[in-house]
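Here is the file structure_27.csv (CSV, C-alpha atoms and all ligand atoms).
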```
chain,number,residue,atom,x,y,z
A,1,MET,CA,2.4,-15.4,-3.8
A,2,LYS,CA,0.6,-12.9,-1.5
A,3,LEU,CA,2.1,-9.4,-1.0
A,4,ILE,CA,2.2,-8.1,2.6
A,5,VAL,CA,2.9,-4.3,2.9
A,6,GLY,CA,3.6,-2.7,6.3
A,7,ASN,CA,2.6,1.0,6.5
A,8,TRP,CA,4.3,2.4,9.6
A,9,LYS,CA,2.6,5.8,9.1
A,10,LEU,CA,3.9,8.5,11.6
A,11,ASN,CA,5.8,5.9,13.6
A,12,PRO,CA,8.2,5.3,15.4
A,13,PRO,CA,9.6,8.5,16.7
A,14,THR,CA,13.3,7.7,16.5
A,15,LEU,CA,15.7,6.0,14.1
A,16,ASN,CA,16.8,3.6,16.8
A,17,GLU,CA,13.3,2.4,17.2
A,18,ALA,CA,12.8,2.1,13.5
A,19,VAL,CA,16.0,-0.1,13.3
A,20,ALA,CA,14.8,-2.2,16.2
A,21,LEU,CA,11.4,-2.8,14.5
A,22,ALA,CA,13.1,-3.7,11.2
A,23,SER,CA,15.5,-6.0,13.1
A,24,GLY,CA,12.5,-7.7,14.8
A,25,VAL,CA,10.8,-8.2,11.5
A,26,ALA,CA,13.9,-9.5,9.8
A,27,TYR,CA,14.5,-11.9,12.7
A,28,GLY,CA,11.0,-13.3,12.5
A,29,LEU,CA,11.0,-14.0,8.7
A,30,LYS,CA,12.3,-16.9,6.8
A,31,PRO,CA,14.5,-16.1,3.8
A,32,GLU,CA,11.8,-17.0,1.3
A,33,HIS,CA,9.4,-14.4,3.0
A,34,PHE,CA,11.4,-11.3,2.1
A,35,GLU,CA,10.3,-11.1,-1.5
A,36,LYS,CA,6.6,-10.8,-0.5
A,37,VAL,CA,7.2,-8.1,2.1
A,38,VAL,CA,7.3,-4.3,1.5
A,39,LEU,CA,7.9,-1.9,4.4
A,40,LEU,CA,6.9,1.8,4.3
A,41,PRO,CA,8.7,3.8,7.1
A,42,PRO,CA,8.7,7.6,7.4
A,43,PHE,CA,10.9,9.3,4.8
A,44,VAL,CA,13.6,10.4,7.2
A,45,PHE,CA,14.5,6.8,8.2
A,46,LEU,CA,14.4,5.3,4.7
A,47,GLU,CA,18.0,5.9,3.6
A,48,GLU,CA,19.5,4.3,6.8
A,49,LEU,CA,17.1,1.4,6.7
A,50,VAL,CA,17.8,0.7,3.0
A,51,LYS,CA,21.5,0.6,3.8
A,52,ARG,CA,21.2,-1.6,6.9
A,53,PHE,CA,18.5,-4.0,5.7
A,54,LYS,CA,19.3,-4.7,2.0
A,55,HIS,CA,17.1,-7.8,1.8
A,56,PHE,CA,13.9,-5.9,2.4
A,57,GLN,CA,11.9,-4.0,-0.2
A,58,TRP,CA,11.5,-0.5,1.2
A,59,GLY,CA,9.0,2.1,0.0
A,60,ALA,CA,7.9,5.7,0.7
A,61,GLN,CA,4.5,6.5,2.1
A,62,ASN,CA,4.0,9.4,-0.4
A,63,VAL,CA,5.8,11.2,-3.2
A,64,PHE,CA,5.3,14.3,-5.4
A,65,TRP,CA,4.8,14.1,-9.1
A,66,GLU,CA,7.0,17.0,-10.1
A,67,LYS,CA,10.7,16.4,-10.7
A,68,THR,CA,12.1,19.7,-9.1
A,69,GLY,CA,11.2,23.3,-8.4
A,70,GLY,CA,9.3,25.4,-5.9
A,71,TYR,CA,7.4,22.8,-3.9
A,72,THR,CA,8.4,23.2,-0.3
A,73,GLY,CA,8.2,20.1,1.8
A,74,GLU,CA,7.8,17.7,-1.1
A,75,ILE,CA,10.0,14.6,-2.0
A,76,SER,CA,10.6,13.6,-5.6
A,77,LEU,CA,10.9,10.2,-7.3
A,78,ALA,CA,14.5,10.9,-8.3
A,79,MET,CA,15.4,11.6,-4.6
A,80,LEU,CA,13.9,8.2,-3.6
A,81,LYS,CA,15.6,6.4,-6.5
A,82,ASP,CA,18.9,8.0,-5.4
A,83,ILE,CA,18.7,6.2,-2.0
A,84,GLY,CA,17.7,2.9,-3.5
A,85,VAL,CA,13.9,3.1,-3.1
A,86,ASN,CA,11.6,1.9,-5.9
A,87,TRP,CA,8.3,1.4,-4.1
A,88,VAL,CA,5.8,4.1,-3.2
A,89,LEU,CA,2.3,4.4,-1.7
A,90,ALA,CA,0.0,6.9,-3.3
A,91,GLY,CA,-3.4,8.2,-2.2
A,92,HIS,CA,-3.7,6.7,1.3
A,93,SER,CA,-7.0,7.8,2.8
A,94,GLU,CA,-5.1,9.7,5.5
A,95,ARG,CA,-3.4,11.8,2.8
A,96,ARG,CA,-6.8,12.3,1.1
A,97,ARG,CA,-8.5,13.2,4.4
A,98,TYR,CA,-5.9,15.4,6.2
A,99,PHE,CA,-3.9,16.7,3.3
A,100,GLY,CA,-6.7,17.2,0.7
A,101,GLU,CA,-5.4,14.8,-2.0
A,102,SER,CA,-7.9,14.1,-4.7
A,103,ASP,CA,-8.2,11.3,-7.2
A,104,ALA,CA,-6.7,13.5,-9.8
A,105,ASP,CA,-3.6,14.2,-7.6
A,106,VAL,CA,-3.3,10.5,-6.9
A,107,ASN,CA,-3.5,9.8,-10.7
A,108,LYS,CA,-0.6,12.2,-11.3
A,109,LYS,CA,1.4,10.5,-8.6
A,110,ILE,CA,0.8,7.0,-10.0
A,111,LYS,CA,1.6,8.1,-13.6
A,112,ALA,CA,4.8,9.8,-12.5
A,113,ALA,CA,5.9,6.8,-10.4
A,114,LEU,CA,5.1,4.1,-12.9
A,115,GLY,CA,6.9,6.3,-15.6
A,116,ALA,CA,10.0,6.3,-13.3
A,117,ASP,CA,9.9,2.5,-13.0
A,118,PHE,CA,8.6,2.4,-9.5
A,119,ASN,CA,6.2,-0.1,-8.0
A,120,VAL,CA,3.1,1.8,-6.9
A,121,ILE,CA,0.6,0.9,-4.2
A,122,ALA,CA,-2.5,3.1,-4.9
A,123,ALA,CA,-5.2,3.2,-2.1
A,124,VAL,CA,-8.9,3.6,-2.6
A,125,GLY,CA,-11.8,3.1,-0.2
A,126,GLU,CA,-15.1,4.5,1.0
A,127,LEU,CA,-15.5,6.7,4.1
A,128,GLN,CA,-18.7,5.2,5.6
A,129,GLN,CA,-19.8,1.7,6.2
A,130,GLY,CA,-22.7,0.6,4.0
A,131,ASP,CA,-23.4,-0.1,0.3
A,132,HIS,CA,-20.8,2.2,-1.2
A,133,ALA,CA,-19.3,0.0,-3.9
A,134,ASP,CA,-20.1,2.7,-6.5
A,135,GLU,CA,-18.0,5.3,-4.6
A,136,VAL,CA,-15.1,3.0,-4.5
A,137,LEU,CA,-15.3,2.1,-8.2
A,138,ALA,CA,-15.7,5.7,-9.3
A,139,SER,CA,-12.6,6.7,-7.2
A,140,PHE,CA,-10.6,3.8,-8.7
A,141,LYS,CA,-11.6,4.7,-12.3
A,142,LYS,CA,-10.4,8.3,-11.8
A,143,THR,CA,-7.3,7.2,-9.9
A,144,ALA,CA,-6.3,4.7,-12.7
A,145,GLU,CA,-7.4,6.8,-15.7
A,146,GLY,CA,-5.0,6.8,-18.6
A,147,LEU,CA,-2.3,4.6,-17.1
A,148,ASP,CA,0.1,2.8,-19.5
A,149,SER,CA,-1.1,-0.8,-19.7
A,150,PHE,CA,2.5,-2.0,-20.1
A,151,SER,CA,3.3,-0.9,-16.6
A,152,LEU,CA,0.4,-2.5,-14.8
A,153,ASP,CA,2.6,-5.3,-13.4
A,154,ARG,CA,4.0,-2.6,-11.1
A,155,LEU,CA,0.6,-1.3,-10.0
A,156,ILE,CA,-0.9,-2.6,-6.7
A,157,VAL,CA,-4.3,-1.3,-5.7
A,158,ALA,CA,-5.1,-1.4,-2.0
A,159,TYR,CA,-8.8,-1.4,-1.1
A,160,GLU,CA,-9.0,0.2,2.4
A,161,PRO,CA,-12.5,1.0,3.7
A,162,VAL,CA,-11.8,4.0,5.8
A,163,TRP,CA,-14.3,2.9,8.5
A,164,ALA,CA,-12.2,-0.3,8.9
A,165,ILE,CA,-8.8,1.4,9.5
A,166,SER,CA,-7.8,0.9,13.1
A,167,THR,CA,-7.2,4.6,13.8
A,168,THR,CA,-10.8,5.5,12.8
A,169,PRO,CA,-12.9,5.7,16.0
A,170,GLY,CA,-15.1,2.6,16.3
A,171,ALA,CA,-13.2,0.8,13.5
A,172,LYS,CA,-13.7,-2.9,12.9
A,173,PRO,CA,-12.3,-5.0,10.1
A,174,ASP,CA,-14.5,-5.6,7.0
A,175,SER,CA,-15.7,-9.1,6.5
A,176,PRO,CA,-13.4,-11.1,4.2
A,177,ALA,CA,-16.3,-12.1,2.0
A,178,ARG,CA,-17.4,-8.4,1.5
A,179,SER,CA,-13.9,-7.1,0.8
A,180,ASN,CA,-13.4,-10.0,-1.6
A,181,GLN,CA,-16.5,-9.0,-3.4
A,182,ILE,CA,-15.5,-5.4,-3.7
A,183,ILE,CA,-12.1,-6.3,-4.9
A,184,GLY,CA,-13.8,-8.6,-7.5
A,185,GLU,CA,-15.7,-5.6,-8.7
A,186,LEU,CA,-12.6,-3.5,-8.9
A,187,LYS,CA,-10.9,-6.3,-10.9
A,188,HIS,CA,-13.9,-6.2,-13.3
A,189,ALA,CA,-13.7,-2.4,-13.6
A,190,ALA,CA,-9.9,-2.7,-14.3
A,191,PHE,CA,-10.6,-5.3,-17.0
A,192,LYS,CA,-13.1,-2.9,-18.7
A,193,MET,CA,-10.4,-0.2,-18.6
A,194,PHE,CA,-7.3,-2.1,-19.6
A,195,GLY,CA,-8.4,-5.5,-20.9
A,196,GLU,CA,-6.1,-8.5,-20.4
A,197,SER,CA,-3.3,-6.3,-19.1
A,198,SER,CA,-5.5,-5.6,-16.1
A,199,LYS,CA,-4.8,-9.1,-14.8
A,200,LYS,CA,-1.3,-8.0,-13.9
A,201,ILE,CA,-2.6,-5.5,-11.3
A,202,ARG,CA,-2.5,-6.9,-7.8
A,203,PHE,CA,-5.3,-6.0,-5.3
A,204,LEU,CA,-4.8,-5.8,-1.5
A,205,TYR,CA,-7.1,-5.5,1.4
A,206,GLY,CA,-6.3,-3.1,4.3
A,207,GLY,CA,-8.1,-2.2,7.5
A,208,SER,CA,-7.6,-3.7,11.0
A,209,ILE,CA,-5.6,-6.7,9.7
A,210,SER,CA,-4.2,-8.8,12.5
A,211,ALA,CA,-2.4,-12.1,12.8
A,212,SER,CA,-5.6,-13.8,13.8
A,213,ASN,CA,-7.8,-12.4,10.9
A,214,ALA,CA,-5.2,-12.3,8.1
A,215,PRO,CA,-5.5,-15.9,7.0
A,216,ARG,CA,-9.3,-15.5,6.4
A,217,PHE,CA,-8.7,-12.4,4.2
A,218,LEU,CA,-5.7,-13.9,2.4
A,219,SER,CA,-7.6,-17.1,1.5
A,220,GLU,CA,-10.2,-15.2,-0.4
A,221,PRO,CA,-9.7,-15.7,-4.1
A,222,TYR,CA,-9.6,-12.1,-5.3
A,223,ILE,CA,-7.4,-10.7,-2.5
A,224,ASP,CA,-3.8,-10.7,-3.5
A,225,GLY,CA,-2.3,-9.5,-0.2
A,226,ALA,CA,-2.7,-7.1,2.7
A,227,LEU,CA,-1.8,-3.5,3.5
A,228,VAL,CA,-1.2,-3.5,7.3
A,229,GLY,CA,-1.0,-0.5,9.5
A,230,GLY,CA,-1.1,-0.9,13.3
A,231,ALA,CA,0.0,-4.6,13.3
A,232,SER,CA,3.1,-3.7,11.2
A,233,LEU,CA,4.5,-1.8,14.2
A,234,LYS,CA,4.7,-5.1,16.3
A,235,ALA,CA,7.4,-7.3,14.8
A,236,ASP,CA,5.8,-10.5,16.2
A,237,GLU,CA,2.3,-9.7,14.9
A,238,PHE,CA,3.6,-8.6,11.5
A,239,THR,CA,5.8,-11.6,10.9
A,240,ALA,CA,2.9,-13.9,12.0
A,241,ILE,CA,0.8,-12.3,9.3
A,242,VAL,CA,3.5,-12.9,6.7
A,243,SER,CA,4.1,-16.5,7.8
A,244,ARG,CA,0.4,-17.3,7.6
A,245,SER,CA,-0.1,-15.8,4.1
B,301,LIG,P1,-4.7,-0.6,10.2
B,301,LIG,O1,-4.1,-1.9,9.8
B,301,LIG,O2,-4.0,0.0,11.5
B,301,LIG,O3,-6.2,-0.6,10.3
B,301,LIG,O4,-4.3,0.5,9.1
B,301,LIG,C1,-4.6,0.2,7.8
B,301,LIG,C2,-3.9,1.2,6.9
B,301,LIG,O5,-4.3,2.3,6.9
B,301,LIG,C3,-2.7,0.7,6.2
B,301,LIG,O6,-2.4,1.6,5.2
```

Whole structure given in structure tokens:
Amino acid sequence: MKLIVGNWKLNPPTLNEAVALASGVAYGLKPEHFEKVVLLPPFVFLEELVKRFKHFQWGAQNVFWEKTGGYTGEISLAMLKDIGVNWVLAGHSERRRYFGESDADVNKKIKAALGADFNVIAAVGELQQGDHADEVLASFKKTAEGLDSFSLDRLIVAYEPVWAISTTPGAKPDSPARSNQIIGELKHAAFKMFGESSKKIRFLYGGSISASNAPRFLSEPYIDGALVGGASLKADEFTAIVSRS
């Protein structure tokens, strides 16, 4: 079963619109689709959305690794758990780029989240188009260093080439064959780190996924799902991606 994650980023501006978007997605999905969908709205809408749409899997776009203390503006895993959330995204390229998150920070977030029984989507990807597989692999190894191999069934790695993300000027999707190849290399690197347990990690592709190109990415053998940005803000487009996966 493919996993389709919708990252709403800094959208929409109001709770009413968030509820309308979730309603549109719920309306467009068949009952059997819900288990393969995870939605990541902004923090402030999460509690209300979890209460109103219980059949979705909801997650946060970020989290801090510390449990409590003097960390103004941060959100803890316990706070998320308290409102019924057990999915979290860590290390999105926009967090790395605009908020200075490093591989070491992302590693701490993943360890804390897996340790708290969360499902974690960890993002990696190169900045520039070209032959940068080494950069992606090096980032993945630092990001995944020292993880408990018993928790890898709750780890999802999203390969998102930054140049392919729709909000990057001049963005265009990667080719399904190339992203499949990079994900194959990531799976190989994971095997070297964790052995057989690495086979429990799922790997997604993200970057300008649309209803029309999704089937080509999702039919590639190493790609276990998609991390969708812009297209997750349009209920029809997002549900078409899910239906075609
Ligand atoms: P787009 O699908 O808009 O390119 O965004 C991808 C992304 O960053 C998802 O996390």

Subject >> Selection within 7 Å of ligand LIG 301 (chain B) by only C-alpha atoms and all ligand atoms, output as JSON, numbers by chain >> reply: {"A": [7, 92, 160, 164, 165, 166, 167, 206, 207, 208, 209, 227, 228, 229, 230, 231]}

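Taking atom CA of A:Gly84 as the reference point, atom CA of A:Glu47 is found at 7.7 Å.
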
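Each of A:Glu32, A:Glu94, A:Glu135, A:Asp153 was compared to A:Lys199 using only C-alpha atoms, and A:Asp153 turns out to be the nearest.
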
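Checking A:Phe43, A:Phe238, A:Phe140, A:Trp8 one by one against A:Ala190, counting all atoms listed in the file, you find the shortest gap at A:Phe140.
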
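Between atom CA of A:Ser198 and atom CA of A:Ala90 there is a distance of 18.7 Å.
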
Pull all heavy atoms for stretch 4-18 of chain A from the block and write them as a CSV table (one decimal), in the first residue's frame.
```csv
chain,number,residue,atom,x,y,z
A,4,ILE,N,0.3,8.3,1.1
A,4,ILE,CA,0.3,9.6,0.5
A,4,ILE,C,0.1,10.7,1.6
A,4,ILE,O,-0.9,10.7,2.4
A,4,ILE,CB,-1.0,9.8,-0.4
A,4,ILE,CG1,-1.0,8.6,-1.4
A,4,ILE,CG2,-0.9,11.1,-1.2
A,4,ILE,CD1,0.1,8.5,-2.4
A,5,VAL,N,1.1,11.6,1.7
A,5,VAL,CA,1.1,12.5,2.8
A,5,VAL,C,0.9,13.9,2.2
A,5,VAL,O,1.6,14.3,1.2
A,5,VAL,CB,2.5,12.5,3.5
A,5,VAL,CG1,2.5,13.5,4.7
A,5,VAL,CG2,2.8,11.1,4.0
A,6,GLY,N,0.0,14.7,2.8
A,6,GLY,CA,-0.3,16.0,2.3
A,6,GLY,C,0.3,17.0,3.3
A,6,GLY,O,-0.1,17.1,4.5
A,7,ASN,N,1.2,17.8,2.9
A,7,ASN,CA,1.9,18.8,3.7
A,7,ASN,C,1.3,20.2,3.3
A,7,ASN,O,1.6,20.7,2.3
A,7,ASN,CB,3.4,18.8,3.5
A,7,ASN,CG,4.1,19.9,4.2
A,7,ASN,OD1,3.5,20.5,5.1
A,7,ASN,ND2,5.4,20.1,3.9
A,8,TRP,N,0.4,20.7,4.2
A,8,TRP,CA,-0.3,22.0,3.9
A,8,TRP,C,0.6,23.2,4.1
A,8,TRP,O,0.2,24.3,3.7
A,8,TRP,CB,-1.5,22.1,4.8
A,8,TRP,CG,-2.6,21.1,4.5
A,8,TRP,CD1,-2.6,20.1,3.6
A,8,TRP,CD2,-3.9,21.0,5.1
A,8,TRP,NE1,-3.8,19.4,3.6
A,8,TRP,CE2,-4.6,19.9,4.6
A,8,TRP,CE3,-4.5,21.8,6.2
A,8,TRP,CZ2,-5.9,19.6,5.0
A,8,TRP,CZ3,-5.8,21.4,6.6
A,8,TRP,CH2,-6.5,20.3,6.0
A,9,LYS,N,1.8,23.0,4.7
A,9,LYS,CA,2.8,24.1,4.9
A,9,LYS,C,2.0,25.3,5.6
A,9,LYS,O,1.2,25.0,6.5
A,9,LYS,CB,3.4,24.6,3.6
A,9,LYS,CG,4.1,23.4,2.9
A,9,LYS,CD,4.9,23.7,1.7
A,9,LYS,CE,5.5,22.5,1.1
A,9,LYS,NZ,6.4,22.8,0.0
A,10,LEU,N,2.3,26.5,5.2
A,10,LEU,CA,1.7,27.7,5.9
A,10,LEU,C,0.3,28.0,5.3
A,10,LEU,O,0.1,29.2,4.9
A,10,LEU,CB,2.6,28.9,5.9
A,10,LEU,CG,2.3,30.1,6.7
A,10,LEU,CD1,2.2,29.8,8.2
A,10,LEU,CD2,3.4,31.2,6.5
A,11,ASN,N,-0.6,27.1,5.2
A,11,ASN,CA,-1.9,27.2,4.5
A,11,ASN,C,-2.9,26.3,5.3
A,11,ASN,O,-2.5,25.3,5.8
A,11,ASN,CB,-1.8,26.7,3.1
A,11,ASN,CG,-0.8,27.4,2.3
A,11,ASN,OD1,-0.9,28.5,1.9
A,11,ASN,ND2,0.3,26.7,2.0
A,12,PRO,N,-4.2,26.7,5.2
A,12,PRO,CA,-4.8,27.9,4.7
A,12,PRO,C,-4.8,28.9,5.9
A,12,PRO,O,-4.4,28.6,7.0
A,12,PRO,CB,-6.2,27.5,4.4
A,12,PRO,CG,-6.5,26.4,5.3
A,12,PRO,CD,-5.2,25.7,5.6
A,13,PRO,N,-5.2,30.2,5.7
A,13,PRO,CA,-5.1,31.2,6.7
A,13,PRO,C,-6.1,31.0,7.9
A,13,PRO,O,-5.9,31.5,9.0
A,13,PRO,CB,-5.3,32.5,6.0
A,13,PRO,CG,-5.9,32.2,4.7
A,13,PRO,CD,-5.6,30.7,4.4
A,14,THR,N,-7.2,30.3,7.6
A,14,THR,CA,-8.3,30.3,8.7
A,14,THR,C,-8.7,28.8,9.0
A,14,THR,O,-8.6,27.9,8.1
A,14,THR,CB,-9.5,31.0,8.3
A,14,THR,OG1,-10.2,30.4,7.2
A,14,THR,CG2,-9.2,32.5,7.9
A,15,LEU,N,-9.2,28.6,10.2
A,15,LEU,CA,-9.7,27.3,10.6
A,15,LEU,C,-10.9,26.9,9.7
A,15,LEU,O,-11.0,25.7,9.3
A,15,LEU,CB,-10.1,27.3,12.1
A,15,LEU,CG,-10.8,26.0,12.6
A,15,LEU,CD1,-9.8,24.9,12.5
A,15,LEU,CD2,-11.3,26.2,14.0
A,16,ASN,N,-11.7,27.8,9.4
A,16,ASN,CA,-12.9,27.5,8.5
A,16,ASN,C,-12.4,26.9,7.2
A,16,ASN,O,-12.9,25.9,6.7
A,16,ASN,CB,-13.7,28.7,8.2
A,16,ASN,CG,-14.7,29.0,9.3
A,16,ASN,OD1,-14.9,28.2,10.2
A,16,ASN,ND2,-15.3,30.2,9.3
A,17,GLU,N,-11.3,27.5,6.6
A,17,GLU,CA,-10.8,27.0,5.3
A,17,GLU,C,-10.1,25.6,5.5
A,17,GLU,O,-10.2,24.8,4.6
A,17,GLU,CB,-9.8,28.0,4.7
A,17,GLU,CG,-10.5,29.2,4.2
A,17,GLU,CD,-9.6,30.4,4.0
A,17,GLU,OE1,-9.3,31.1,4.9
A,17,GLU,OE2,-9.1,30.6,2.8
A,18,ALA,N,-9.5,25.5,6.7
A,18,ALA,CA,-8.9,24.2,6.9
A,18,ALA,C,-9.9,23.1,7.0
A,18,ALA,O,-9.8,22.0,6.5
A,18,ALA,CB,-8.0,24.3,8.2
```
